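Dumped final05.cif below, it's mmCIF, C-alpha atoms and all ligand atoms:
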```
data_data
#
loop_
_atom_site.label_atom_id
_atom_site.label_comp_id
_atom_site.auth_asym_id
_atom_site.auth_seq_id
_atom_site.Cartn_x
_atom_site.Cartn_y
_atom_site.Cartn_z
CA MET A 155 -5.21 27.14 7.62
CA VAL A 156 -8.10 29.05 9.13
CA ARG A 157 -8.88 28.69 12.81
CA THR A 158 -12.47 28.78 13.94
CA PRO A 159 -13.45 31.96 15.78
CA LEU A 160 -14.01 29.89 18.94
CA ARG A 161 -10.46 28.55 18.94
CA LEU A 162 -9.08 31.95 18.08
CA ALA A 163 -10.94 33.44 21.02
CA PHE A 164 -9.61 30.70 23.26
CA ALA A 165 -6.05 31.37 22.09
CA VAL A 166 -6.48 35.09 22.69
CA SER A 167 -7.81 34.55 26.19
CA LEU A 168 -4.88 32.25 26.94
CA PHE A 169 -2.53 34.94 25.74
CA ALA A 170 -4.21 37.49 28.01
CA LEU A 171 -3.94 35.13 30.98
CA SER A 172 -0.28 34.49 30.34
CA ALA A 173 0.51 38.15 31.10
CA PHE A 174 -0.45 37.48 34.71
CA ALA A 175 0.21 33.77 35.19
CA PRO A 176 3.42 31.71 34.77
CA LEU A 177 3.80 30.56 31.16
CA ALA A 178 2.01 27.30 30.49
CA PRO A 179 1.79 25.40 27.19
CA PRO A 180 -1.37 26.19 25.22
CA ALA A 181 -4.34 24.04 26.17
CA GLN A 182 -4.33 22.40 22.75
CA ALA A 183 -0.76 21.16 23.21
CA GLN A 184 -1.68 19.75 26.63
CA ASP A 185 -4.62 17.94 25.02
CA VAL A 186 -2.34 16.38 22.42
CA ASP A 187 0.04 15.23 25.15
CA ILE A 188 -2.83 13.57 27.00
CA LEU A 189 -4.00 11.86 23.79
CA ARG A 190 -0.47 10.67 23.04
CA ARG A 191 0.00 9.26 26.53
CA SER A 192 -3.35 7.50 26.22
CA VAL A 193 -2.25 5.96 22.92
CA ASP A 194 0.93 4.58 24.47
CA GLU A 195 -0.84 3.18 27.55
CA LEU A 196 -3.78 1.70 25.65
CA ALA A 197 -1.50 0.17 22.99
CA ALA A 198 0.47 -1.60 25.70
CA ALA A 199 -2.72 -2.79 27.40
CA ILE A 200 -4.21 -4.25 24.20
CA ASN A 201 -1.00 -5.93 23.00
CA ASP A 202 -1.75 -9.49 24.16
CA GLU A 203 -5.03 -9.33 22.26
CA VAL A 204 -3.33 -7.98 19.12
CA VAL A 205 -0.85 -10.88 19.23
CA ALA A 206 -3.70 -13.38 19.67
CA TRP A 207 -5.67 -11.88 16.74
CA ARG A 208 -2.59 -11.93 14.57
CA ARG A 209 -1.90 -15.62 15.30
CA ASP A 210 -5.53 -16.56 14.73
CA ILE A 211 -5.64 -14.71 11.39
CA HIS A 212 -2.23 -16.13 10.44
CA ALA A 213 -3.44 -19.69 11.04
CA ASN A 214 -6.60 -19.03 8.97
CA PRO A 215 -5.51 -17.12 5.85
CA GLU A 216 -7.89 -16.46 2.95
CA LEU A 217 -7.20 -15.51 -0.65
CA GLY A 218 -8.35 -12.21 -2.15
CA MET A 219 -12.13 -11.62 -2.26
CA GLN A 220 -12.62 -14.73 -0.10
CA GLU A 221 -11.76 -13.04 3.22
CA PHE A 222 -15.11 -14.00 4.76
CA ARG A 223 -13.80 -15.26 8.12
CA THR A 224 -11.31 -12.39 8.47
CA ALA A 225 -13.91 -9.76 7.54
CA GLY A 226 -16.30 -11.37 10.04
CA LEU A 227 -13.72 -11.12 12.84
CA VAL A 228 -13.06 -7.49 11.95
CA ALA A 229 -16.75 -6.54 11.77
CA GLU A 230 -17.53 -8.28 15.07
CA HIS A 231 -14.63 -6.52 16.79
CA LEU A 232 -15.53 -3.07 15.47
CA GLU A 233 -19.18 -3.57 16.46
CA SER A 234 -18.12 -4.63 19.97
CA LEU A 235 -16.38 -1.24 20.26
CA GLY A 236 -19.52 0.65 19.27
CA ILE A 237 -18.08 1.60 15.88
CA GLU A 238 -20.51 2.00 12.93
CA VAL A 239 -19.78 -0.90 10.58
CA GLU A 240 -20.56 -1.57 6.94
CA THR A 241 -19.64 -4.95 5.44
CA GLY A 242 -19.47 -6.22 1.87
CA VAL A 243 -17.85 -3.00 0.65
CA GLY A 244 -16.14 -3.60 -2.72
CA GLY A 245 -16.47 -7.36 -2.19
CA THR A 246 -15.43 -8.51 1.27
CA GLY A 247 -14.26 -5.10 2.51
CA VAL A 248 -15.28 -3.69 5.89
CA VAL A 249 -15.62 0.01 6.68
CA GLY A 250 -15.88 1.29 10.26
CA VAL A 251 -16.61 4.86 11.34
CA LEU A 252 -15.65 6.06 14.82
CA ARG A 253 -17.00 9.52 15.63
CA GLY A 254 -14.99 11.31 18.29
CA GLY A 255 -16.60 13.34 21.05
CA ARG A 256 -15.16 16.60 19.75
CA PRO A 257 -15.40 18.17 16.29
CA GLY A 258 -12.48 17.78 13.91
CA PRO A 259 -11.30 16.35 10.62
CA VAL A 260 -11.57 12.80 9.29
CA VAL A 261 -8.68 10.34 9.13
CA ALA A 262 -8.86 7.02 7.25
CA LEU A 263 -6.69 4.05 8.21
CA ARG A 264 -6.29 1.10 5.87
CA ALA A 265 -5.32 -2.56 6.32
CA ASP A 266 -5.36 -5.27 3.66
CA MET A 267 -6.72 -8.70 4.64
CA ASP A 268 -5.71 -11.24 1.97
CA GLY A 269 -3.18 -14.07 1.96
CA LEU A 270 -1.29 -15.71 -0.93
CA PRO A 271 -1.28 -19.12 -2.64
CA VAL A 272 1.94 -20.13 -0.86
CA THR A 273 2.49 -23.23 1.26
CA GLU A 274 3.86 -22.09 4.60
CA MET A 275 7.31 -23.37 5.62
CA ALA A 276 7.85 -21.04 8.59
CA ASP A 277 8.41 -22.89 11.85
CA VAL A 278 5.78 -21.26 14.07
CA PRO A 279 3.13 -23.06 16.18
CA PHE A 280 0.34 -21.10 14.44
CA ALA A 281 1.59 -21.87 10.89
CA SER A 282 -1.13 -22.11 8.27
CA ARG A 283 -2.30 -25.59 7.25
CA VAL A 284 -4.99 -24.18 4.96
CA THR A 285 -5.05 -25.36 1.35
CA THR A 286 -7.08 -24.31 -1.66
CA GLN A 287 -7.48 -24.95 -5.38
CA TRP A 288 -5.34 -22.49 -7.33
CA GLN A 289 -5.14 -22.65 -11.12
CA GLY A 290 -6.25 -26.28 -11.07
CA ARG A 291 -3.77 -27.39 -8.39
CA GLU A 292 -4.04 -27.83 -4.64
CA VAL A 293 -1.75 -25.31 -2.91
CA GLY A 294 -1.32 -23.92 0.57
CA VAL A 295 -2.60 -20.50 1.59
CA MET A 296 -0.33 -18.29 3.69
CA HIS A 297 -0.05 -14.75 4.96
CA ALA A 298 3.31 -14.62 3.19
CA CYS A 299 3.05 -10.85 2.73
CA GLY A 300 2.25 -10.28 6.42
CA HIS A 301 -1.26 -8.85 5.98
CA ASP A 302 -2.28 -10.76 9.14
CA ASN A 303 -0.16 -8.22 11.03
CA HIS A 304 -1.85 -5.31 9.25
CA VAL A 305 -5.33 -6.55 10.22
CA ALA A 306 -4.42 -7.25 13.86
CA ILE A 307 -2.63 -3.89 14.19
CA LEU A 308 -5.62 -1.96 12.81
CA MET A 309 -8.02 -3.91 15.08
CA GLY A 310 -5.76 -2.86 17.98
CA VAL A 311 -5.79 0.76 16.77
CA ALA A 312 -9.61 0.61 16.71
CA SER A 313 -9.59 -0.54 20.36
CA VAL A 314 -7.16 2.21 21.37
CA LEU A 315 -9.03 5.02 19.61
CA ALA A 316 -12.48 3.77 20.68
CA SER A 317 -11.31 3.90 24.32
CA MET A 318 -10.42 7.58 23.78
CA ARG A 319 -13.58 8.40 21.86
CA GLU A 320 -14.84 11.19 24.16
CA THR A 321 -11.64 13.23 23.82
CA LEU A 322 -10.97 12.46 20.16
CA PRO A 323 -11.18 15.66 18.04
CA GLY A 324 -12.60 14.24 14.83
CA THR A 325 -13.64 11.07 13.05
CA VAL A 326 -11.69 7.93 12.20
CA LYS A 327 -12.60 5.71 9.28
CA PHE A 328 -11.28 2.14 9.24
CA LEU A 329 -10.78 0.57 5.80
CA PHE A 330 -10.23 -3.19 5.86
CA GLN A 331 -9.77 -4.06 2.21
CA PRO A 332 -9.74 -7.32 0.27
CA ALA A 333 -7.47 -8.65 -2.45
CA GLU A 334 -4.44 -6.39 -2.36
CA GLU A 335 -2.42 -9.19 -3.98
CA GLY A 336 -4.88 -9.12 -6.88
CA PRO A 337 -7.20 -8.38 -8.47
CA GLY A 338 -7.25 -5.37 -6.12
CA GLY A 339 -9.68 -4.33 -3.42
CA ALA A 340 -9.03 -0.63 -2.98
CA ALA A 341 -10.56 0.47 -6.30
CA PRO A 342 -13.79 -1.55 -5.79
CA MET A 343 -14.10 -0.18 -2.24
CA ILE A 344 -13.75 3.38 -3.52
CA ALA A 345 -16.31 2.63 -6.25
CA ASP A 346 -18.60 1.38 -3.48
CA GLY A 347 -18.32 4.71 -1.64
CA ALA A 348 -15.74 3.80 1.01
CA LEU A 349 -14.25 7.31 0.85
CA GLU A 350 -17.58 9.13 0.99
CA ASP A 351 -19.73 10.21 3.92
CA PRO A 352 -17.58 11.17 5.64
CA ARG A 353 -14.78 11.93 3.20
CA PRO A 354 -11.33 11.56 4.81
CA ASP A 355 -8.90 14.49 4.90
CA ALA A 356 -5.98 12.05 4.96
CA VAL A 357 -5.36 8.31 4.68
CA PHE A 358 -2.62 6.32 6.42
CA GLY A 359 -1.53 2.73 5.96
CA LEU A 360 1.42 0.51 6.78
CA HIS A 361 3.16 -2.56 5.41
CA VAL A 362 5.43 -4.98 7.22
CA PHE A 363 8.84 -5.55 5.65
CA PRO A 364 11.81 -7.67 6.81
CA MET A 365 13.68 -4.64 8.17
CA PRO A 366 14.91 -4.87 11.79
CA VAL A 367 12.21 -4.60 14.46
CA GLY A 368 12.06 -0.98 15.63
CA THR A 369 12.36 0.39 12.10
CA VAL A 370 9.63 2.63 10.76
CA ALA A 371 10.31 3.66 7.17
CA TYR A 372 8.75 6.41 5.10
CA ARG A 373 9.40 8.21 1.87
CA THR A 374 8.20 11.52 0.48
CA GLY A 375 6.66 11.24 -2.99
CA GLY A 376 6.82 7.98 -4.98
CA MET A 377 7.39 5.11 -2.52
CA LEU A 378 6.15 2.05 -4.39
CA ALA A 379 6.00 1.61 -8.14
CA SER A 380 3.23 1.54 -10.67
CA SER A 381 3.00 -1.89 -12.26
CA ASP A 382 1.66 -2.13 -15.80
CA ALA A 383 1.52 -5.22 -18.03
CA LEU A 384 3.06 -4.84 -21.49
CA ARG A 385 2.03 -7.01 -24.44
CA ILE A 386 3.52 -6.61 -27.92
CA VAL A 387 2.55 -8.56 -31.04
CA VAL A 388 4.90 -8.17 -34.02
CA ARG A 389 3.44 -9.24 -37.35
CA GLY A 390 5.69 -9.98 -40.34
CA ILE A 391 5.25 -12.18 -43.39
CA GLN A 392 6.10 -15.86 -43.15
CA THR A 393 8.79 -17.24 -45.43
CA HIS A 394 11.49 -19.91 -45.76
CA GLY A 395 14.45 -19.38 -43.44
CA ALA A 396 16.77 -19.61 -46.42
CA MET A 397 14.88 -16.89 -48.34
CA PRO A 398 14.23 -14.10 -45.84
CA TRP A 399 13.87 -11.50 -48.62
CA ALA A 400 10.64 -13.19 -49.64
CA GLY A 401 8.94 -12.21 -46.40
CA VAL A 402 9.21 -9.89 -43.38
CA ASP A 403 11.07 -11.35 -40.39
CA PRO A 404 9.25 -10.66 -37.11
CA ILE A 405 12.05 -12.32 -35.08
CA VAL A 406 14.69 -9.79 -36.17
CA THR A 407 12.15 -6.98 -35.68
CA ALA A 408 11.29 -8.26 -32.19
CA SER A 409 14.98 -8.47 -31.34
CA GLN A 410 15.51 -4.82 -32.32
CA ILE A 411 12.45 -3.88 -30.27
CA VAL A 412 13.78 -5.66 -27.15
CA VAL A 413 17.12 -3.86 -27.42
CA GLY A 414 15.47 -0.56 -28.32
CA LEU A 415 13.10 -0.71 -25.34
CA GLN A 416 16.11 -0.69 -23.01
CA SER A 417 17.20 2.67 -24.41
CA ILE A 418 13.94 4.27 -23.21
CA VAL A 419 14.99 3.96 -19.57
CA SER A 420 18.71 4.52 -20.16
CA ARG A 421 18.43 7.40 -22.67
CA GLN A 422 14.99 9.02 -22.38
CA VAL A 423 13.98 8.96 -18.69
CA ASP A 424 15.51 11.50 -16.30
CA LEU A 425 17.00 8.95 -13.91
CA THR A 426 18.14 11.66 -11.50
CA ASP A 427 14.46 12.41 -10.94
CA SER A 428 12.86 8.99 -10.86
CA PRO A 429 13.87 5.44 -11.82
CA ALA A 430 11.90 3.24 -14.21
CA ILE A 431 11.98 -0.33 -15.46
CA VAL A 432 10.95 -1.89 -18.77
CA THR A 433 11.31 -5.68 -18.77
CA ILE A 434 10.42 -8.20 -21.47
CA GLY A 435 10.04 -11.50 -19.65
CA GLN A 436 8.54 -13.73 -22.30
CA ILE A 437 9.03 -14.12 -26.08
CA GLU A 438 7.22 -16.60 -28.27
CA GLY A 439 7.71 -16.98 -32.01
CA GLY A 440 8.46 -19.71 -34.49
CA ASN A 441 8.91 -23.44 -34.11
CA ARG A 442 11.72 -24.47 -36.45
CA GLY A 443 15.15 -23.18 -37.41
CA ASN A 444 14.53 -22.80 -41.14
CA ILE A 445 11.06 -21.24 -41.03
CA ILE A 446 10.58 -17.53 -40.46
CA PRO A 447 7.26 -17.23 -38.63
CA ASP A 448 4.63 -14.58 -39.24
CA THR A 449 4.23 -13.35 -35.66
CA VAL A 450 6.16 -12.92 -32.41
CA LEU A 451 4.50 -12.30 -29.04
CA MET A 452 6.36 -10.47 -26.26
CA ILE A 453 5.14 -9.98 -22.69
CA GLY A 454 6.70 -7.72 -20.10
CA THR A 455 6.21 -5.28 -17.25
CA ILE A 456 6.67 -1.53 -16.83
CA ARG A 457 7.44 -0.06 -13.39
CA THR A 458 7.72 3.63 -12.57
CA LEU A 459 7.87 5.70 -9.38
CA ASN A 460 6.36 8.92 -10.62
CA PRO A 461 3.01 9.37 -12.42
CA ASP A 462 4.58 11.66 -15.07
CA THR A 463 7.35 9.14 -15.75
CA ARG A 464 4.66 6.48 -16.11
CA THR A 465 2.89 8.46 -18.84
CA LEU A 466 6.18 9.23 -20.60
CA VAL A 467 7.39 5.62 -20.60
CA HIS A 468 4.06 4.40 -21.98
CA GLU A 469 4.25 6.95 -24.84
CA ARG A 470 7.86 6.11 -25.64
CA VAL A 471 7.24 2.36 -25.62
CA ARG A 472 4.45 2.78 -28.17
CA ARG A 473 6.52 5.14 -30.32
CA LEU A 474 9.57 2.89 -30.33
CA VAL A 475 7.75 -0.37 -30.97
CA GLU A 476 5.60 1.00 -33.79
CA ASN A 477 8.46 2.79 -35.51
CA VAL A 478 10.97 -0.07 -35.28
CA ALA A 479 8.32 -2.36 -36.73
CA GLU A 480 7.61 0.09 -39.54
CA ALA A 481 11.32 0.46 -40.32
CA ASN A 482 11.42 -3.31 -40.83
CA GLY A 483 8.25 -3.41 -42.93
CA ALA A 484 6.43 -5.20 -40.11
CA GLU A 485 3.49 -4.18 -37.97
CA ALA A 486 3.32 -4.12 -34.20
CA GLU A 487 0.48 -3.87 -31.76
CA VAL A 488 1.20 -2.57 -28.24
CA THR A 489 -1.19 -3.22 -25.36
CA ILE A 490 -0.49 -1.75 -21.93
CA ASN A 491 -2.85 -3.03 -19.26
CA LEU A 492 -2.79 -0.59 -16.37
CA GLY A 493 -2.02 -2.14 -12.98
CA TYR A 494 -1.72 -0.38 -9.65
CA PRO A 495 -0.65 3.28 -9.89
CA VAL A 496 2.43 4.72 -8.16
CA THR A 497 2.01 4.84 -4.36
CA VAL A 498 2.68 8.52 -3.73
CA ASN A 499 3.13 9.87 -0.22
CA ASP A 500 1.75 13.39 -0.19
CA PRO A 501 4.84 15.58 0.41
CA ALA A 502 3.17 18.14 2.71
CA LEU A 503 1.37 15.48 4.76
CA THR A 504 4.50 13.32 5.02
CA THR A 505 6.71 16.19 6.12
CA ARG A 506 4.13 17.18 8.71
CA MET A 507 3.66 13.67 10.13
CA VAL A 508 7.29 12.46 10.37
CA PRO A 509 7.65 13.90 13.93
CA SER A 510 4.75 11.64 15.03
CA LEU A 511 6.66 8.61 13.81
CA GLN A 512 9.83 9.84 15.51
CA ARG A 513 7.99 10.12 18.81
CA VAL A 514 6.98 6.45 18.41
CA ALA A 515 10.16 4.92 16.99
CA GLY A 516 12.90 7.50 17.68
CA GLU A 517 16.01 6.79 15.64
CA GLY A 518 14.26 3.77 14.13
CA VAL A 519 12.57 6.18 11.71
CA VAL A 520 14.39 5.96 8.39
CA VAL A 521 13.86 7.16 4.84
CA MET A 522 13.09 4.17 2.66
CA PRO A 523 14.59 3.86 -0.81
CA PRO A 524 11.94 3.62 -3.51
CA ALA A 525 10.72 0.05 -4.01
CA THR A 526 9.66 -1.42 -7.36
CA GLY A 527 6.87 -3.51 -5.88
CA ALA A 528 3.32 -2.13 -6.20
CA GLU A 529 0.48 -1.53 -3.73
CA ASP A 530 -3.16 -0.67 -4.26
CA PHE A 531 -3.09 1.69 -1.26
CA SER A 532 -2.15 3.97 -4.18
CA TYR A 533 -5.82 4.26 -5.22
CA PHE A 534 -6.79 5.68 -1.80
CA ALA A 535 -3.82 8.07 -1.95
CA GLU A 536 -4.94 9.26 -5.40
CA GLU A 537 -8.26 10.32 -3.85
CA VAL A 538 -7.09 11.99 -0.62
CA PRO A 539 -3.61 12.93 0.67
CA GLY A 540 -1.97 9.69 1.75
CA MET A 541 1.01 8.43 3.68
CA PHE A 542 2.14 4.81 3.58
CA ILE A 543 4.85 3.60 5.95
CA GLY A 544 6.98 0.49 6.33
CA LEU A 545 7.12 -1.38 9.63
CA GLY A 546 10.17 -3.54 10.37
CA VAL A 547 9.27 -7.09 11.44
CA GLY A 548 12.67 -8.69 10.81
CA ALA A 549 13.86 -10.90 13.67
CA ASP A 550 17.27 -10.55 15.30
CA ASP A 551 18.15 -14.08 14.13
CA PRO A 552 19.13 -13.66 10.45
CA SER A 553 18.01 -17.21 9.63
CA LEU A 554 14.42 -16.03 10.27
CA VAL A 555 14.63 -13.05 7.93
CA HIS A 556 13.02 -13.68 4.53
CA PRO A 557 11.45 -11.40 1.93
CA ASN A 558 7.70 -10.83 1.64
CA HIS A 559 6.00 -13.62 -0.34
CA SER A 560 8.57 -16.22 0.81
CA PRO A 561 7.12 -19.46 2.25
CA PHE A 562 9.48 -18.76 5.17
CA PHE A 563 8.24 -15.18 5.75
CA TYR A 564 8.38 -14.53 9.50
CA ALA A 565 7.14 -11.50 11.42
CA ASP A 566 8.67 -10.70 14.80
CA GLU A 567 5.67 -9.84 16.99
CA ARG A 568 7.62 -7.22 18.96
CA ALA A 569 6.76 -4.97 16.02
CA LEU A 570 3.01 -5.18 16.62
CA PRO A 571 2.78 -2.56 19.41
CA ILE A 572 5.02 -0.25 17.38
CA GLY A 573 2.58 -0.55 14.48
CA VAL A 574 -0.41 0.15 16.74
CA ARG A 575 1.27 3.20 18.26
CA ALA A 576 2.42 4.46 14.85
CA LEU A 577 -1.05 4.44 13.25
CA ALA A 578 -2.83 5.65 16.41
CA SER A 579 -0.27 8.45 16.89
CA LEU A 580 -0.54 9.58 13.27
CA THR A 581 -4.30 9.71 13.81
CA VAL A 582 -4.40 11.71 17.05
CA ASP A 583 -1.65 14.06 15.87
CA PHE A 584 -3.40 14.70 12.55
CA LEU A 585 -6.79 15.21 14.19
CA SER A 586 -5.37 17.51 16.87
CA SER A 587 -3.37 19.74 14.56
CA ASN A 588 -5.98 20.29 11.91
CA PRO A 589 -8.27 23.26 11.64
CA ILE A 590 -11.90 22.28 11.30
CA SER A 591 -13.08 23.01 7.81
CA ASP A 592 -16.31 24.97 7.39
CA ASP A 593 -18.25 22.24 5.61
CA ARG A 594 -18.14 19.86 8.58
ZN ZN A 601 2.46 -8.87 -1.26
ZN ZN A 602 1.44 -6.92 0.91
#
```
Show the structure stored in the file as structure tokens.
Amino acid sequence: MVRTPLRLAFAVSLFALSAFAPLAPPAQAQDVDILRRSVDELAAAINDEVVAWRRDIHANPELGMQEFRTAGLVAEHLESLGIEVETGVGGTGVVGVLRGGRPGPVVALRADMDGLPVTEMADVPFASRVTTQWQGREVGVMHACGHDNHVAILMGVASVLASMRETLPGTVKFLFQPAEEGPGGAAPMIADGALEDPRPDAVFGLHVFPMPVGTVAYRTGGMLASSDALRIVVRGIQTHGAMPWAGVDPIVTASQIVVGLQSIVSRQVDLTDSPAIVTIGQIEGGNRGNIIPDTVLMIGTIRTLNPDTRTLVHERVRRLVENVAEANGAEAEVTINLGYPVTVNDPALTTRMVPSLQRVAGEGVVVMPPATGAEDFSYFAEEVPGMFIGLGVGADDPSLVHPNHSPFFYADERALPIGVRALASLTVDFLSSNPISDDR
């Protein structure tokens, strides 16, 4: 942490002054206080608009990589604020760059824009009536994961920070990404240069969860899981069910593999360090009781909360499957298709930023247990230090509280200004407390 000579000189002169004048907080701390007060006032002033955006986006959800209307709204809004905008990034992604009036680091803020093929059952006046063709059937489209809130919150944050542009010490990059629910929009945006020119020093994002309104949740390290698809084909030799010795039975081999896989998590992973999951959810083999088939197909999922555990589990799955097959005289082929990596909150960044969240949400700030869902925010956080937080949108009435992806998913809008203040506060606090690096 190297201060620029100018700031050092300023600090020294303040110190000299303080020998003669009553002690006052350093100028930099006063600046941060002014920025924080501005965030709170501007977030309150923009709230009606944030609510209106959220309802409009909620009523008009779009599936991944089809977020044309949503991306259009976002781009138009950012342009109206005088923010540099690039559209069509990694598909339908939108990148905005807001350059503050004072030098400083670069913060990126991310929101995902896509809805899900779910027919809305929530009883709200702005419920989605949109339908689409999905896997050959007509289904509803709904913001059942609450990404409408993420978009509206980040549009509100853009308004807040653009209003403070002259006093903002650094640059803010807005990342509105497509297709978080699949096939993924973060990786294509990164491939399209979303994290270059300027390169962020940190990235923040949030997700709404059905925790009580007022809750802001964080976790140091692995917060959301990696999600990898597992496919195993066991090949034996077909024979009559009454003469198994004449062939190699892939059903018995597959059974031993299913049981053996469970010992990887229970016997080979350090569960005090990080949990893991290996699930086989589908088995296909044979079509008659007295015929031993030649192959069995098994499909499953692997979830981990630590990149090292992820590598270890993959190795052990391959070792176990191949060796159990060999012990039975069969052959097995293991395919692991990599999904989203572990969402890791950078420990140093997280520790440093928790006080910002506490200023916004007080005792509502809680440590979140690790969750076995996955998020492609993880790709951004692999590139630059990242921090992903949970925002409680659960209503007081328990009959309105449903998990993400439910057709009844309901977000209490009292959470919206908390989300705007949380992301805007993380931004101004990070920008204000960071030394300016020499290459900027
Ligand atoms: Zn989701
Ligand atoms: Zn989501």
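Of the residues listed (A:Pro259, A:Gly454, A:Pro539, A:Pro366), A:Pro539 shows the shortest atom-to-atom separation from Asn499 (chain A); distances use all atoms listed in the file.
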Counting only C-alpha atoms and all ligand atoms, name the residues that have an atom within 9 Å of an atom of ligand ZN 601 (chain A); the answer should be given as a PyMOL selection string. chain A and resi 269-270+297-301+334-335+527-529+558-559
Could those residues be written to a file, using C-alpha atoms, as an mmCIF file, in the frame of the given file?
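New file result-v2.cif:
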```
data_model
loop_
_atom_site.group_PDB
_atom_site.id
_atom_site.type_symbol
_atom_site.label_atom_id
_atom_site.label_comp_id
_atom_site.auth_asym_id
_atom_site.auth_seq_id
_atom_site.Cartn_x
_atom_site.Cartn_y
_atom_site.Cartn_z
ATOM 1 C CA GLY A 269 -3.180 -14.070 1.960
ATOM 2 C CA LEU A 270 -1.290 -15.710 -0.930
ATOM 3 C CA HIS A 297 -0.050 -14.750 4.960
ATOM 4 C CA ALA A 298 3.310 -14.620 3.190
ATOM 5 C CA CYS A 299 3.050 -10.850 2.730
ATOM 6 C CA GLY A 300 2.250 -10.280 6.420
ATOM 7 C CA HIS A 301 -1.260 -8.850 5.980
ATOM 8 C CA GLU A 334 -4.440 -6.390 -2.360
ATOM 9 C CA GLU A 335 -2.420 -9.190 -3.980
ATOM 10 C CA GLY A 527 6.870 -3.510 -5.880
ATOM 11 C CA ALA A 528 3.320 -2.130 -6.200
ATOM 12 C CA GLU A 529 0.480 -1.530 -3.730
ATOM 13 C CA ASN A 558 7.700 -10.830 1.640
ATOM 14 C CA HIS A 559 6.000 -13.620 -0.340
#
```
Residues of region 296-365 of chain A that have any atom at most 10 Å from an atom of region 569-586 of chain A: could you tabulate them with the shortest-distance atom pair and the distance in Å to one decimal, using all atoms listed in the file, ordered by chain and increasing number, as CSV?
```
residue,atom,partner,partner_atom,distance
A:Asn303,CA,A:Leu570,CA,7.1
A:His304,CA,A:Gly573,CA,8.3
A:Ala306,CA,A:Leu570,CA,8.2
A:Ile307,CA,A:Val574,CA,5.3
A:Leu308,CA,A:Val574,CA,6.9
A:Met309,CA,A:Val574,CA,8.8
A:Gly310,CA,A:Val574,CA,6.3
A:Val311,CA,A:Val574,CA,5.4
A:Ala312,CA,A:Ala578,CA,8.5
A:Ser313,CA,A:Val574,CA,9.9
A:Val314,CA,A:Ala578,CA,7.4
A:Leu315,CA,A:Ala578,CA,7.0
A:Met318,CA,A:Val582,CA,9.9
A:Leu322,CA,A:Val582,CA,7.3
A:Pro323,CA,A:Leu585,CA,5.9
A:Gly324,CA,A:Leu585,CA,5.9
A:Thr325,CA,A:Leu585,CA,8.1
A:Val326,CA,A:Thr581,CA,7.8
A:Asp355,CA,A:Phe584,CA,9.4
A:Ala356,CA,A:Phe584,CA,8.4
A:Val357,CA,A:Thr581,CA,9.3
A:Phe358,CA,A:Leu577,CA,7.3
A:Gly359,CA,A:Leu577,CA,7.5
A:Leu360,CA,A:Gly573,CA,7.9
A:His361,CA,A:Gly573,CA,9.3
A:Val362,CA,A:Ala569,CA,8.9
```
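Closest approach to ligand ZN 602 (chain A) from the set A:Asn214, A:Gly255, A:Pro364, A:Ile188 is made by A:Pro364, with distances taken over all atoms listed in the file.
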Two-atom distance - CA of Thr497 (chain A), CA of Val514 (chain A) (Å):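 Computing it gives 23.4 Å between the two atoms.
Within the 9 Å cut-off around Ala479 (chain A), using only C-alpha atoms and omitting residues fewer than 2 positions from it on the same chain, the listed residues are Val388, Arg389, Gly390, Pro404, Thr407, Ala408, Gln410, Ile411, Leu474, Val475, Glu476, Asn477, Ala481, Asn482, Gly483, Ala484, Glu485 and Ala486 of chain A.
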In Å, rounded to a single decimal, give me how far CA of Val498 (chain A) is from CA of Gly375 (chain A).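 Result for CA of Gly375 (chain A) versus CA of Val498 (chain A): 4.9 Å, one decimal.
With CA of Asn201 (chain A) on one side and CA of Met507 (chain A) on the other, the separation reads 23.9 Å.
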Rank A:Gly242, A:Gly368, A:Pro352, A:Gly435 by their smallest atom-to-atom distance to Glu567 (chain A), using all atoms listed in the file, and report the top residue only.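 Ranked by minimum distance to Glu567 (chain A), first place goes to A:Gly368.
Each of A:Val450, A:Val412, A:Met541, A:Val555 was checked against Val261 (chain A) using all atoms listed in the file; the smallest atom-to-atom distance is that of A:Met541.
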Across A:Val406, A:Val243, A:Val519, A:Leu378, the smallest distance to ligand ZN 602 (chain A), with all atoms listed in the file counted, is shown by A:Leu378
Pick from A:Arg470, A:Ile434, A:Gly336, A:Ser380 nearest to ligand ZN 602 (chain A), counting all atoms listed in the file: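 Nearest to ligand ZN 602 (chain A): A:Gly336.
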